[in-house]
Structure formats: structure tokens, C-alpha cells
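One file, data_37.cif, is given below (mmCIF, C-alpha atoms; chains and numbers go by the auth columns).
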data_protein
#
loop_
_atom_site.group_PDB
_atom_site.id
_atom_site.type_symbol
_atom_site.label_atom_id
_atom_site.label_comp_id
_atom_site.label_asym_id
_atom_site.label_seq_id
_atom_site.Cartn_x
_atom_site.Cartn_y
_atom_site.Cartn_z
_atom_site.B_iso_or_equiv
_atom_site.auth_seq_id
_atom_site.auth_asym_id
ATOM 1 C CA MET A 1 0.000 0.000 0.000 0.00 563 A
ATOM 2 C CA GLU A 2 1.300 3.463 -0.814 0.00 564 A
ATOM 3 C CA GLN A 3 2.722 5.452 2.059 0.00 565 A
ATOM 4 C CA PRO A 4 2.973 8.972 0.686 0.00 566 A
ATOM 5 C CA THR A 5 4.626 10.692 3.693 0.00 567 A
ATOM 6 C CA ALA A 6 7.848 9.816 5.518 0.00 568 A
ATOM 7 C CA LEU A 7 9.723 11.519 8.349 0.00 569 A
ATOM 8 C CA LEU A 8 13.418 11.963 7.509 0.00 570 A
ATOM 9 C CA ILE A 9 15.593 12.609 10.594 0.00 571 A
ATOM 10 C CA ILE A 10 18.919 14.072 9.515 0.00 572 A
ATOM 11 C CA ASP A 11 22.235 13.905 11.418 0.00 573 A
ATOM 12 C CA LEU A 12 20.927 14.186 14.977 0.00 574 A
ATOM 13 C CA PHE A 13 23.189 11.385 16.201 0.00 575 A
ATOM 14 C CA SER A 14 26.545 13.057 16.654 0.00 576 A
ATOM 15 C CA LEU A 15 29.570 13.157 18.948 0.00 577 A
ATOM 16 C CA PHE A 16 29.731 16.928 18.336 0.00 578 A
ATOM 17 C CA ASP A 17 33.482 16.721 17.810 0.00 579 A
ATOM 18 C CA PHE A 18 33.488 19.032 14.798 0.00 580 A
ATOM 19 C CA PRO A 19 34.120 22.808 14.666 0.00 581 A
ATOM 20 C CA GLN A 20 31.316 24.635 16.532 0.00 582 A
ATOM 21 C CA GLY A 21 29.914 21.272 17.610 0.00 583 A
ATOM 22 C CA ARG A 22 29.769 22.291 21.270 0.00 584 A
ATOM 23 C CA GLN A 23 27.862 25.450 20.388 0.00 585 A
ATOM 24 C CA LEU A 24 25.391 23.522 18.221 0.00 586 A
ATOM 25 C CA ALA A 25 24.820 20.693 20.717 0.00 587 A
ATOM 26 C CA PRO A 26 22.153 22.340 22.944 0.00 588 A
ATOM 27 C CA TYR A 27 20.148 23.364 19.890 0.00 589 A
ATOM 28 C CA ALA A 28 20.397 19.795 18.577 0.00 590 A
ATOM 29 C CA VAL A 29 19.095 18.437 21.891 0.00 591 A
ATOM 30 C CA ARG A 30 16.107 20.787 21.687 0.00 592 A
ATOM 31 C CA ALA A 31 15.472 19.756 18.078 0.00 593 A
ATOM 32 C CA ALA A 32 15.717 16.073 19.067 0.00 594 A
ATOM 33 C CA GLN A 33 13.108 16.542 21.790 0.00 595 A
ATOM 34 C CA ARG A 34 10.722 18.121 19.305 0.00 596 A
ATOM 35 C CA THR A 35 11.558 15.561 16.630 0.00 597 A
ATOM 36 C CA ALA A 36 10.610 12.833 19.116 0.00 598 A
ATOM 37 C CA ARG A 37 7.077 14.281 19.235 0.00 599 A
ATOM 38 C CA LEU A 38 6.862 14.164 15.463 0.00 600 A
ATOM 39 C CA ARG A 39 8.219 10.635 15.396 0.00 601 A
ATOM 40 C CA ALA A 40 5.591 9.533 17.908 0.00 602 A
ATOM 41 C CA ALA A 41 2.871 10.892 15.616 0.00 603 A
ATOM 42 C CA PHE A 42 4.350 9.115 12.585 0.00 604 A
ATOM 43 C CA ASP A 43 4.622 5.873 14.550 0.00 605 A
ATOM 44 C CA ALA A 44 1.025 6.181 15.733 0.00 606 A
ATOM 45 C CA HIS A 45 -0.139 6.573 12.131 0.00 607 A
ATOM 46 C CA ARG A 46 2.232 3.839 10.883 0.00 608 A
ATOM 47 C CA TRP A 47 4.044 6.214 8.545 0.00 609 A
ATOM 48 C CA PRO A 48 7.725 5.526 7.775 0.00 610 A
ATOM 49 C CA VAL A 49 10.498 7.047 9.866 0.00 611 A
ATOM 50 C CA ILE A 50 13.944 7.144 8.239 0.00 612 A
ATOM 51 C CA TYR A 51 17.204 8.151 9.921 0.00 613 A
ATOM 52 C CA ALA A 52 19.749 9.648 7.515 0.00 614 A
ATOM 53 C CA ASN A 53 22.961 10.187 9.408 0.00 615 A
ATOM 54 C CA ASP A 54 26.450 11.263 8.445 0.00 616 A
ATOM 55 C CA ASN A 55 29.049 8.545 8.891 0.00 617 A
ATOM 56 C CA PHE A 56 31.643 11.205 9.795 0.00 618 A
ATOM 57 C CA GLY A 57 34.191 9.555 7.524 0.00 619 A
ATOM 58 C CA ASN A 58 34.161 6.295 9.493 0.00 620 A
ATOM 59 C CA TRP A 59 33.498 3.601 6.885 0.00 621 A
ATOM 60 C CA GLN A 60 33.864 0.779 9.434 0.00 622 A
ATOM 61 C CA ARG A 61 31.005 1.827 11.721 0.00 623 A
ATOM 62 C CA ASP A 62 27.331 1.200 11.030 0.00 624 A
ATOM 63 C CA PHE A 63 24.342 3.181 12.298 0.00 625 A
ATOM 64 C CA PRO A 64 23.615 1.088 15.428 0.00 626 A
ATOM 65 C CA GLN A 65 27.289 1.423 16.387 0.00 627 A
ATOM 66 C CA LEU A 66 27.039 5.201 15.968 0.00 628 A
ATOM 67 C CA VAL A 67 23.967 5.327 18.197 0.00 629 A
ATOM 68 C CA GLU A 68 25.817 3.312 20.853 0.00 630 A
ATOM 69 C CA ALA A 69 28.903 5.564 20.576 0.00 631 A
ATOM 70 C CA CYS A 70 26.633 8.552 21.222 0.00 632 A
ATOM 71 C CA ARG A 71 25.109 6.804 24.226 0.00 633 A
ATOM 72 C CA GLN A 72 28.570 6.102 25.629 0.00 634 A
ATOM 73 C CA LYS A 73 29.796 9.663 24.987 0.00 635 A
ATOM 74 C CA GLY A 74 27.321 11.147 27.455 0.00 636 A
ATOM 75 C CA GLY A 75 26.227 14.766 27.467 0.00 637 A
ATOM 76 C CA ALA A 76 24.222 16.067 24.524 0.00 638 A
ATOM 77 C CA SER A 77 24.998 12.978 22.437 0.00 639 A
ATOM 78 C CA ALA A 78 23.451 10.661 25.037 0.00 640 A
ATOM 79 C CA GLN A 79 20.473 12.969 25.613 0.00 641 A
ATOM 80 C CA ILE A 80 19.609 12.723 21.930 0.00 642 A
ATOM 81 C CA VAL A 81 19.788 8.924 22.105 0.00 643 A
ATOM 82 C CA GLU A 82 17.349 9.023 25.017 0.00 644 A
ATOM 83 C CA TYR A 83 14.890 11.006 22.910 0.00 645 A
ATOM 84 C CA LEU A 84 15.398 9.338 19.547 0.00 646 A
ATOM 85 C CA ALA A 85 16.923 5.871 19.786 0.00 647 A
ATOM 86 C CA PRO A 86 15.486 4.034 16.771 0.00 648 A
ATOM 87 C CA SER A 87 13.062 1.144 17.080 0.00 649 A
ATOM 88 C CA GLU A 88 13.165 -1.982 14.954 0.00 650 A
ATOM 89 C CA GLU A 89 10.392 -0.712 12.666 0.00 651 A
ATOM 90 C CA HIS A 90 12.397 2.383 11.691 0.00 652 A
ATOM 91 C CA TYR A 91 14.696 2.641 8.667 0.00 653 A
ATOM 92 C CA PHE A 92 18.197 4.090 8.461 0.00 654 A
ATOM 93 C CA ILE A 93 20.841 5.034 5.943 0.00 655 A
ATOM 94 C CA LEU A 94 24.355 6.420 6.336 0.00 656 A
ATOM 95 C CA LYS A 95 25.380 9.349 4.175 0.00 657 A
ATOM 96 C CA PRO A 96 28.882 10.566 3.252 0.00 658 A
ATOM 97 C CA LYS A 97 28.041 14.200 2.474 0.00 659 A
ATOM 98 C CA HIS A 98 25.505 16.936 3.226 0.00 660 A
ATOM 99 C CA SER A 99 22.476 15.737 1.274 0.00 661 A
ATOM 100 C CA ALA A 100 20.727 12.534 2.319 0.00 662 A
ATOM 101 C CA PHE A 101 20.252 11.818 -1.398 0.00 663 A
ATOM 102 C CA LEU A 102 23.923 12.011 -2.424 0.00 664 A
ATOM 103 C CA ALA A 103 25.512 8.555 -2.881 0.00 665 A
ATOM 104 C CA THR A 104 22.948 6.822 -0.632 0.00 666 A
ATOM 105 C CA PRO A 105 20.140 4.274 -1.169 0.00 667 A
ATOM 106 C CA LEU A 106 17.518 6.798 -0.036 0.00 668 A
ATOM 107 C CA PRO A 107 15.855 7.145 -3.485 0.00 669 A
ATOM 108 C CA VAL A 108 15.485 3.352 -3.711 0.00 670 A
ATOM 109 C CA LEU A 109 14.051 3.127 -0.189 0.00 671 A
ATOM 110 C CA LEU A 110 11.548 5.926 -0.839 0.00 672 A
ATOM 111 C CA ALA A 111 10.463 4.237 -4.064 0.00 673 A
ATOM 112 C CA LYS A 112 9.925 0.937 -2.240 0.00 674 A
ATOM 113 C CA LEU A 113 7.849 2.739 0.376 0.00 675 A
ATOM 114 C CA GLY A 114 5.815 4.588 -2.240 0.00 676 A
ATOM 115 C CA THR A 115 6.737 7.887 -0.604 0.00 677 A
ATOM 116 C CA ARG A 116 5.944 11.153 -2.391 0.00 678 A
ATOM 117 C CA ARG A 117 6.081 13.589 0.557 0.00 679 A
ATOM 118 C CA LEU A 118 8.936 14.132 3.013 0.00 680 A
ATOM 119 C CA VAL A 119 8.993 15.853 6.379 0.00 681 A
ATOM 120 C CA LEU A 120 12.530 16.892 7.318 0.00 682 A
ATOM 121 C CA ALA A 121 13.877 17.286 10.843 0.00 683 A
ATOM 122 C CA GLY A 122 17.410 17.368 12.200 0.00 684 A
ATOM 123 C CA MET A 123 20.625 19.349 11.930 0.00 685 A
ATOM 124 C CA ALA A 124 22.140 21.481 10.686 0.00 686 A
ATOM 125 C CA LEU A 125 19.346 23.502 9.124 0.00 687 A
ATOM 126 C CA ASP A 126 21.749 25.664 7.116 0.00 688 A
ATOM 127 C CA ALA A 127 23.770 22.729 5.760 0.00 689 A
ATOM 128 C CA CYS A 128 22.521 19.139 5.644 0.00 690 A
ATOM 129 C CA VAL A 129 18.806 19.876 6.062 0.00 691 A
ATOM 130 C CA LEU A 130 18.966 22.624 3.452 0.00 692 A
ATOM 131 C CA ALA A 131 20.901 20.448 0.969 0.00 693 A
ATOM 132 C CA THR A 132 18.493 17.545 1.460 0.00 694 A
ATOM 133 C CA ALA A 133 15.460 19.806 1.028 0.00 695 A
ATOM 134 C CA ILE A 134 16.748 21.198 -2.261 0.00 696 A
ATOM 135 C CA ASP A 135 17.613 17.711 -3.536 0.00 697 A
ATOM 136 C CA ALA A 136 14.193 16.385 -2.495 0.00 698 A
ATOM 137 C CA ASN A 137 12.473 19.159 -4.410 0.00 699 A
ATOM 138 C CA SER A 138 14.593 18.528 -7.506 0.00 700 A
ATOM 139 C CA ARG A 139 13.381 14.919 -7.380 0.00 701 A
ATOM 140 C CA GLU A 140 9.770 16.151 -7.200 0.00 702 A
ATOM 141 C CA TYR A 141 9.029 15.166 -3.624 0.00 703 A
ATOM 142 C CA ALA A 142 6.621 17.429 -1.795 0.00 704 A
ATOM 143 C CA THR A 143 8.908 18.583 1.000 0.00 705 A
ATOM 144 C CA VAL A 144 8.171 20.039 4.427 0.00 706 A
ATOM 145 C CA VAL A 145 10.715 21.325 6.951 0.00 707 A
ATOM 146 C CA ALA A 146 9.567 21.011 10.569 0.00 708 A
ATOM 147 C CA ARG A 147 10.327 24.472 11.970 0.00 709 A
ATOM 148 C CA GLU A 148 10.795 23.509 15.648 0.00 710 A
ATOM 149 C CA ALA A 149 12.530 20.218 14.906 0.00 711 A
ATOM 150 C CA VAL A 150 15.596 21.568 13.085 0.00 712 A
ATOM 151 C CA ALA A 151 18.796 22.800 14.729 0.00 713 A
ATOM 152 C CA ALA A 152 21.158 25.567 13.672 0.00 714 A
ATOM 153 C CA LEU A 153 23.379 28.129 15.323 0.00 715 A
ATOM 154 C CA PRO A 154 21.244 31.195 16.128 0.00 716 A
ATOM 155 C CA ASP A 155 22.831 33.494 13.551 0.00 717 A
ATOM 156 C CA ARG A 156 22.276 30.926 10.794 0.00 718 A
ATOM 157 C CA ARG A 157 18.757 29.777 11.576 0.00 719 A
ATOM 158 C CA GLN A 158 16.642 32.613 10.202 0.00 720 A
ATOM 159 C CA PRO A 159 18.656 33.102 6.988 0.00 721 A
ATOM 160 C CA ALA A 160 18.329 29.372 6.244 0.00 722 A
ATOM 161 C CA LEU A 161 14.585 29.399 6.869 0.00 723 A
ATOM 162 C CA GLN A 162 14.230 32.451 4.636 0.00 724 A
ATOM 163 C CA THR A 163 16.242 30.767 1.885 0.00 725 A
ATOM 164 C CA LEU A 164 13.963 27.733 2.020 0.00 726 A
ATOM 165 C CA GLN A 165 10.759 29.759 2.089 0.00 727 A
ATOM 166 C CA ARG A 166 11.813 32.090 -0.717 0.00 728 A
ATOM 167 C CA SER A 167 12.970 29.225 -2.913 0.00 729 A
ATOM 168 C CA GLY A 168 9.467 27.804 -3.149 0.00 730 A
ATOM 169 C CA ALA A 169 11.064 24.360 -2.901 0.00 731 A
ATOM 170 C CA VAL A 170 9.609 23.484 0.491 0.00 732 A
ATOM 171 C CA GLU A 171 6.967 24.369 3.028 0.00 733 A
ATOM 172 C CA VAL A 172 8.112 25.344 6.500 0.00 734 A
ATOM 173 C CA LEU A 173 5.485 24.213 9.013 0.00 735 A
ATOM 174 C CA SER A 174 5.138 23.822 12.764 0.00 736 A
ATOM 175 C CA ASN A 175 4.943 20.425 14.423 0.00 737 A
ATOM 176 C CA ARG A 176 1.287 21.128 15.180 0.00 738 A
ATOM 177 C CA GLN A 177 0.516 21.772 11.508 0.00 739 A
ATOM 178 C CA ILE A 178 2.374 18.642 10.416 0.00 740 A
ATOM 179 C CA ILE A 179 0.679 16.419 12.992 0.00 741 A
ATOM 180 C CA ALA A 180 -2.721 17.858 12.044 0.00 742 A
ATOM 181 C CA SER A 181 -2.080 16.965 8.408 0.00 743 A
ATOM 182 C CA LEU A 182 -1.228 13.397 9.434 0.00 744 A
ATOM 183 C CA SER A 183 -4.373 13.159 11.527 0.00 745 A
ATOM 184 C CA SER A 184 -6.487 14.047 8.493 0.00 746 A
ATOM 185 C CA THR A 185 -4.933 11.235 6.437 0.00 747 A
ATOM 186 C CA PRO A 186 -5.857 7.554 6.881 0.00 748 A
ATOM 187 C CA SER A 187 -3.242 5.395 8.581 0.00 749 A
ATOM 188 C CA CYS A 188 -1.296 3.042 6.337 0.00 750 A
ATOM 189 C CA GLN A 189 -0.142 -0.507 6.689 0.00 751 A
ATOM 190 C CA ARG A 190 3.637 -0.703 6.906 0.00 752 A
ATOM 191 C CA THR A 191 5.262 -1.848 3.695 0.00 753 A
ATOM 192 C CA SER A 192 7.499 -4.886 3.981 0.00 754 A
ATOM 193 C CA LEU A 193 10.785 -4.566 2.132 0.00 755 A
ATOM 194 C CA ALA A 194 11.637 -8.215 2.610 0.00 756 A
ATOM 195 C CA PRO A 195 11.753 -10.304 -0.594 0.00 757 A
ATOM 196 C CA PRO A 196 8.840 -12.703 -1.117 0.00 758 A
ATOM 197 C CA ARG A 197 9.402 -16.264 0.087 0.00 759 A
#

Output the structure of this file as C-alpha cells.
Amino acid sequence: MEQPTALLIIDLFSLFDFPQGRQLAPYAVRAAQRTARLRAAFDAHRWPVIYANDNFGNWQRDFPQLVEACRQKGGASAQIVEYLAPSEEHYFILKPKHSAFLATPLPVLLAKLGTRRLVLAGMALDACVLATAIDANSREYATVVAREAVAALPDRRQPALQTLQRSGAVEVLSNRQIIASLSSTPSCQRTSLAPPR
């Protein structure tokens, strides 16, 4: 059965060991808390949730190992795990660059799920979320950025939101608006990606 909307959670699992990582961390924790509310709504409606996370150049670590490394790190990294640790029904991909579409299986996964609309949450709004939003639009996905569920440094947040809004490529909506739109759409049965036996 077609599942036209998916929640794409971008780069919220991080050790924050990059330039300005410490400054971004509290904003990422806040975004994770608000993303968790969105995820709960998607789970309740049986809509797909996909984690798209940077591999930070480590080609020998998979996504569950990254989540565990964040848990072990403590601080903001562990707080985000507490809010957003994935469940077995969620999907995940690792990405090497800013956009979740670049050199990843995301387009194949979305096609298998029958997804035509994406809701984006995560960090950083002015980099990876922005790049993913533009790529999603170029691939003709209806794309929504969840205003409260994206993290950026304060001086970069509003310019990034303005860029997205002025581009016409995406809608920028509140969690409340997004959840209301889900509530007005019938729940879907989860699509199995396993091959037929």
C-alpha cells in the first residue's frame, strides 16, 4: 500500500566533535526533543520514519554502532539517544556528504515505500537539512521542513529558513501543523521490504 509521507531525521546522532559542535549541541538536543514528538505521531499513524545520518568519515562503523557511541559519549549525544533511539520498525541510511540523497540508497528506499512527501527534521538547518530539502524538491518530492525540529546556530537559523521559504522548494510548518495533516490522512499498513518467500 502506498505510504505517501515519511519523516526523515537528519544527522541528529553526533559526537559533536566538529568545529562549533559544542555550540550547536544544545540546539540539537532541543530539536531532538521536538523531533521525538513528530516521530511519535508518525509511529502512531504507521508512517515511515527514516534516519539519515552522516558517517563522519568512518566507513567501518554502522548506524547502530554510531547510536551506541553517542550513548557512551554522554552529554548532549546521550540525551539525543534518550529522545530518539530508533526502534526496529524504523529505517536508516548512512550518508557521506551533506544531502541525504547524495551517494545513498535513499531514493530506492523511498520508491519501495511509495513515498511522495517528506517531512525533514534534524541538523544542521543551514547545511545538511537545506541540501536535502533542495535535492528532495529537484526529485519532485513534496517537502516540508519542521520548523521547531531543526537545529542551527542562532545566527544561521533565520537566513536558512528564509532561503527555504523564498525558494518555493519546500513548506516550512510547525509540528502542530504537520501532525494535524497526518491526523487528516488515513493510517497506512507498513510496507514490507523483505523479498517474497

Which is closest to Asp573 in chain A among A:Gly684, A:Pro716, A:Pro648, A:Pro667, if we use all atoms listed in the file?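 Among the listed residues, A:Gly684 lies closest to Asp573 in chain A.
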
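With distances restricted to all atoms listed in the file, A:Lys659 is the closest residue to Phe618 in chain A from A:His652, A:Arg633, A:Arg599, A:Lys659.
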
Name the residues that the PyMOL selection byres ((chain A and resi 736-739) around 9) pulls out of this structure, and write them as a ChimeraX atom specification. /A:596-597,599-600,707-711,734-735,740-744

Can I get the selection written as a tab-separated table (two decimals), keeping the file's coordinate frame, with C-alpha atoms?
chain	number	residue	atom	x	y	z
A	596	ARG	CA	10.72	18.12	19.30
A	597	THR	CA	11.56	15.56	16.63
A	599	ARG	CA	7.08	14.28	19.24
A	600	LEU	CA	6.86	14.16	15.46
A	707	VAL	CA	10.72	21.32	6.95
A	708	ALA	CA	9.57	21.01	10.57
A	709	ARG	CA	10.33	24.47	11.97
A	710	GLU	CA	10.80	23.51	15.65
A	711	ALA	CA	12.53	20.22	14.91
A	734	VAL	CA	8.11	25.34	6.50
A	735	LEU	CA	5.48	24.21	9.01
A	740	ILE	CA	2.37	18.64	10.42
A	741	ILE	CA	0.68	16.42	12.99
A	742	ALA	CA	-2.72	17.86	12.04
A	743	SER	CA	-2.08	16.96	8.41
A	744	LEU	CA	-1.23	13.40	9.43

Determine the residue set returned by the PyMOL selection byres ((chain A and resi 628) around 10) for the present structure, and present it as a list in words. Phe575, Ser576, Leu577, Asn615, Asp616, Asn617, Phe618, Asn620, Arg623, Asp624, Phe625, Pro626, Gln627, Val629, Glu630, Ala631, Cys632, Arg633 and Gln634 of chain A

Using CA of Leu682 in chain A and CA of Ser700 in chain A as the two end points, give the distance in Å to one decimal. 15.1 Å

How big is the axis-aligned box around the listed atoms of range 615-626 of chain A once 4 Å is added on each side, and where is its centre? Give both in Å to one decimal, as AutoDock Vina command-line options.
--center_x 28.6 --center_y 6.0 --center_z 11.2 --size_x 19.2 --size_y 18.5 --size_z 16.5

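The residue that comes closest to Ala695 in chain A, out of A:Ala683, A:Leu656, A:Ala603, A:Val643 and on the basis of all atoms listed in the file, is A:Ala683.
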
Can you spell out as a VMD selection string the set of residues that the PyMOL selection byres ((chain A and resi 604) around 10) selects in the structure I just provided? chain A and resid 567 to 569 598 to 603 605 to 611 740 to 741 744 to 745 749

So that I can check the surroundings of range 688-694 of chain A, please list as a ChimeraX atom specification every protein, DNA and RNA residue that reaches within 8 Å of it, counting all atoms listed in the file and ignoring chain neighbours fewer than 5 positions away. /A:572-573,660-663,682-683,712,714,718-719,722,726

So the first atom is CA of Arg592 in chain A and the second is CA of Asp579 in chain A; what is the distance between them in Å, to one decimal place? 18.3 Å

Pick from A:Gly730, A:Ala590, A:Met685, A:Leu570: nearest to Tyr653 in chain A, with all atoms listed in the file counted? A:Leu570

At a cut-off of 9 Å, using all atoms listed in the file, what residues contact Thr677 in chain A? Leave out same-chain residues fewer than 4 positions from it and give the result as a VMD selection string. chain A and resid 564 to 568 610 671 to 673 703

Hey, can you spit out that residue selection with C-alpha atoms as a CSV table (one decimal), in the frame of the given file?
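Saved result, out20.csv, follows:
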chain,number,residue,atom,x,y,z
A,564,GLU,CA,1.3,3.5,-0.8
A,565,GLN,CA,2.7,5.5,2.1
A,566,PRO,CA,3.0,9.0,0.7
A,567,THR,CA,4.6,10.7,3.7
A,568,ALA,CA,7.8,9.8,5.5
A,610,PRO,CA,7.7,5.5,7.8
A,671,LEU,CA,14.1,3.1,-0.2
A,672,LEU,CA,11.5,5.9,-0.8
A,673,ALA,CA,10.5,4.2,-4.1
A,703,TYR,CA,9.0,15.2,-3.6

For a test of reading the model, state the distance in Å between CA of Phe578 in chain A and CA of Gln622 in chain A, rounded to one decimal. 18.9 Å

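Distance check against Trp621 in chain A using all atoms listed in the file: of A:Leu664, A:Pro721, A:Arg728, A:Pro658, the minimum falls on A:Pro658.
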
Because the input lacks atoms here, generate N, CA, C and O atoms for range 676-696 of chain A and report them as a PDB file, keeping the file's coordinate frame.
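Printed below is result.pdb as written:
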ATOM      1  N   GLY A 676       6.849   3.838  -1.546  1.00  0.00           N
ATOM      2  CA  GLY A 676       5.815   4.588  -2.240  1.00  0.00           C
ATOM      3  C   GLY A 676       5.684   6.018  -1.757  1.00  0.00           C
ATOM      4  O   GLY A 676       4.628   6.641  -1.880  1.00  0.00           O
ATOM      5  N   THR A 677       6.772   6.561  -1.222  1.00  0.00           N
ATOM      6  CA  THR A 677       6.737   7.887  -0.604  1.00  0.00           C
ATOM      7  C   THR A 677       6.803   8.988  -1.645  1.00  0.00           C
ATOM      8  O   THR A 677       7.652   8.966  -2.532  1.00  0.00           O
ATOM      9  N   ARG A 678       5.917   9.977  -1.515  1.00  0.00           N
ATOM     10  CA  ARG A 678       5.944  11.153  -2.391  1.00  0.00           C
ATOM     11  C   ARG A 678       6.045  12.456  -1.604  1.00  0.00           C
ATOM     12  O   ARG A 678       6.149  13.526  -2.192  1.00  0.00           O
ATOM     13  N   ARG A 679       5.997  12.383  -0.283  1.00  0.00           N
ATOM     14  CA  ARG A 679       6.081  13.589   0.557  1.00  0.00           C
ATOM     15  C   ARG A 679       7.043  13.313   1.698  1.00  0.00           C
ATOM     16  O   ARG A 679       6.983  12.254   2.335  1.00  0.00           O
ATOM     17  N   LEU A 680       7.941  14.270   1.957  1.00  0.00           N
ATOM     18  CA  LEU A 680       8.936  14.132   3.013  1.00  0.00           C
ATOM     19  C   LEU A 680       8.788  15.254   4.030  1.00  0.00           C
ATOM     20  O   LEU A 680       8.609  16.416   3.665  1.00  0.00           O
ATOM     21  N   VAL A 681       8.890  14.882   5.295  1.00  0.00           N
ATOM     22  CA  VAL A 681       8.993  15.853   6.379  1.00  0.00           C
ATOM     23  C   VAL A 681      10.414  15.758   6.919  1.00  0.00           C
ATOM     24  O   VAL A 681      10.857  14.677   7.319  1.00  0.00           O
ATOM     25  N   LEU A 682      11.131  16.877   6.913  1.00  0.00           N
ATOM     26  CA  LEU A 682      12.530  16.892   7.318  1.00  0.00           C
ATOM     27  C   LEU A 682      12.681  17.487   8.706  1.00  0.00           C
ATOM     28  O   LEU A 682      12.131  18.545   9.016  1.00  0.00           O
ATOM     29  N   ALA A 683      13.483  16.789   9.528  1.00  0.00           N
ATOM     30  CA  ALA A 683      13.877  17.286  10.843  1.00  0.00           C
ATOM     31  C   ALA A 683      15.362  17.002  11.007  1.00  0.00           C
ATOM     32  O   ALA A 683      15.924  16.176  10.286  1.00  0.00           O
ATOM     33  N   GLY A 684      16.013  17.703  11.937  1.00  0.00           N
ATOM     34  CA  GLY A 684      17.410  17.368  12.200  1.00  0.00           C
ATOM     35  C   GLY A 684      18.337  18.558  12.224  1.00  0.00           C
ATOM     36  O   GLY A 684      17.943  19.690  12.466  1.00  0.00           O
ATOM     37  N   MET A 685      19.611  18.299  11.940  1.00  0.00           N
ATOM     38  CA  MET A 685      20.625  19.349  11.930  1.00  0.00           C
ATOM     39  C   MET A 685      21.607  19.094  10.778  1.00  0.00           C
ATOM     40  O   MET A 685      21.693  17.975  10.270  1.00  0.00           O
ATOM     41  N   ALA A 686      22.343  20.078  10.366  1.00  0.00           N
ATOM     42  CA  ALA A 686      22.140  21.481  10.686  1.00  0.00           C
ATOM     43  C   ALA A 686      21.228  22.069   9.605  1.00  0.00           C
ATOM     44  O   ALA A 686      21.370  21.747   8.427  1.00  0.00           O
ATOM     45  N   LEU A 687      20.326  22.921  10.039  1.00  0.00           N
ATOM     46  CA  LEU A 687      19.346  23.502   9.124  1.00  0.00           C
ATOM     47  C   LEU A 687      20.014  24.170   7.932  1.00  0.00           C
ATOM     48  O   LEU A 687      19.549  24.049   6.797  1.00  0.00           O
ATOM     49  N   ASP A 688      21.107  24.878   8.167  1.00  0.00           N
ATOM     50  CA  ASP A 688      21.749  25.664   7.116  1.00  0.00           C
ATOM     51  C   ASP A 688      22.700  24.848   6.250  1.00  0.00           C
ATOM     52  O   ASP A 688      23.274  25.382   5.306  1.00  0.00           O
ATOM     53  N   ALA A 689      22.850  23.564   6.534  1.00  0.00           N
ATOM     54  CA  ALA A 689      23.770  22.729   5.760  1.00  0.00           C
ATOM     55  C   ALA A 689      23.057  21.474   5.280  1.00  0.00           C
ATOM     56  O   ALA A 689      22.507  21.443   4.183  1.00  0.00           O
ATOM     57  N   CYS A 690      23.034  20.440   6.094  1.00  0.00           N
ATOM     58  CA  CYS A 690      22.521  19.139   5.644  1.00  0.00           C
ATOM     59  C   CYS A 690      21.014  19.131   5.416  1.00  0.00           C
ATOM     60  O   CYS A 690      20.529  18.501   4.471  1.00  0.00           O
ATOM     61  N   VAL A 691      20.254  19.809   6.274  1.00  0.00           N
ATOM     62  CA  VAL A 691      18.806  19.876   6.062  1.00  0.00           C
ATOM     63  C   VAL A 691      18.501  20.670   4.799  1.00  0.00           C
ATOM     64  O   VAL A 691      17.683  20.258   3.967  1.00  0.00           O
ATOM     65  N   LEU A 692      19.173  21.792   4.641  1.00  0.00           N
ATOM     66  CA  LEU A 692      18.966  22.624   3.452  1.00  0.00           C
ATOM     67  C   LEU A 692      19.322  21.866   2.177  1.00  0.00           C
ATOM     68  O   LEU A 692      18.552  21.855   1.207  1.00  0.00           O
ATOM     69  N   ALA A 693      20.477  21.191   2.162  1.00  0.00           N
ATOM     70  CA  ALA A 693      20.901  20.448   0.969  1.00  0.00           C
ATOM     71  C   ALA A 693      19.926  19.325   0.648  1.00  0.00           C
ATOM     72  O   ALA A 693      19.587  19.093  -0.521  1.00  0.00           O
ATOM     73  N   THR A 694      19.449  18.634   1.671  1.00  0.00           N
ATOM     74  CA  THR A 694      18.493  17.545   1.460  1.00  0.00           C
ATOM     75  C   THR A 694      17.163  18.079   0.933  1.00  0.00           C
ATOM     76  O   THR A 694      16.553  17.488   0.040  1.00  0.00           O
ATOM     77  N   ALA A 695      16.724  19.215   1.476  1.00  0.00           N
ATOM     78  CA  ALA A 695      15.460  19.806   1.028  1.00  0.00           C
ATOM     79  C   ALA A 695      15.523  20.184  -0.443  1.00  0.00           C
ATOM     80  O   ALA A 695      14.586  19.912  -1.207  1.00  0.00           O
ATOM     81  N   ILE A 696      16.611  20.800  -0.861  1.00  0.00           N
ATOM     82  CA  ILE A 696      16.748  21.198  -2.261  1.00  0.00           C
ATOM     83  C   ILE A 696      16.802  19.967  -3.170  1.00  0.00           C
ATOM     84  O   ILE A 696      16.165  19.926  -4.231  1.00  0.00           O
TER      85      ILE A 696
END
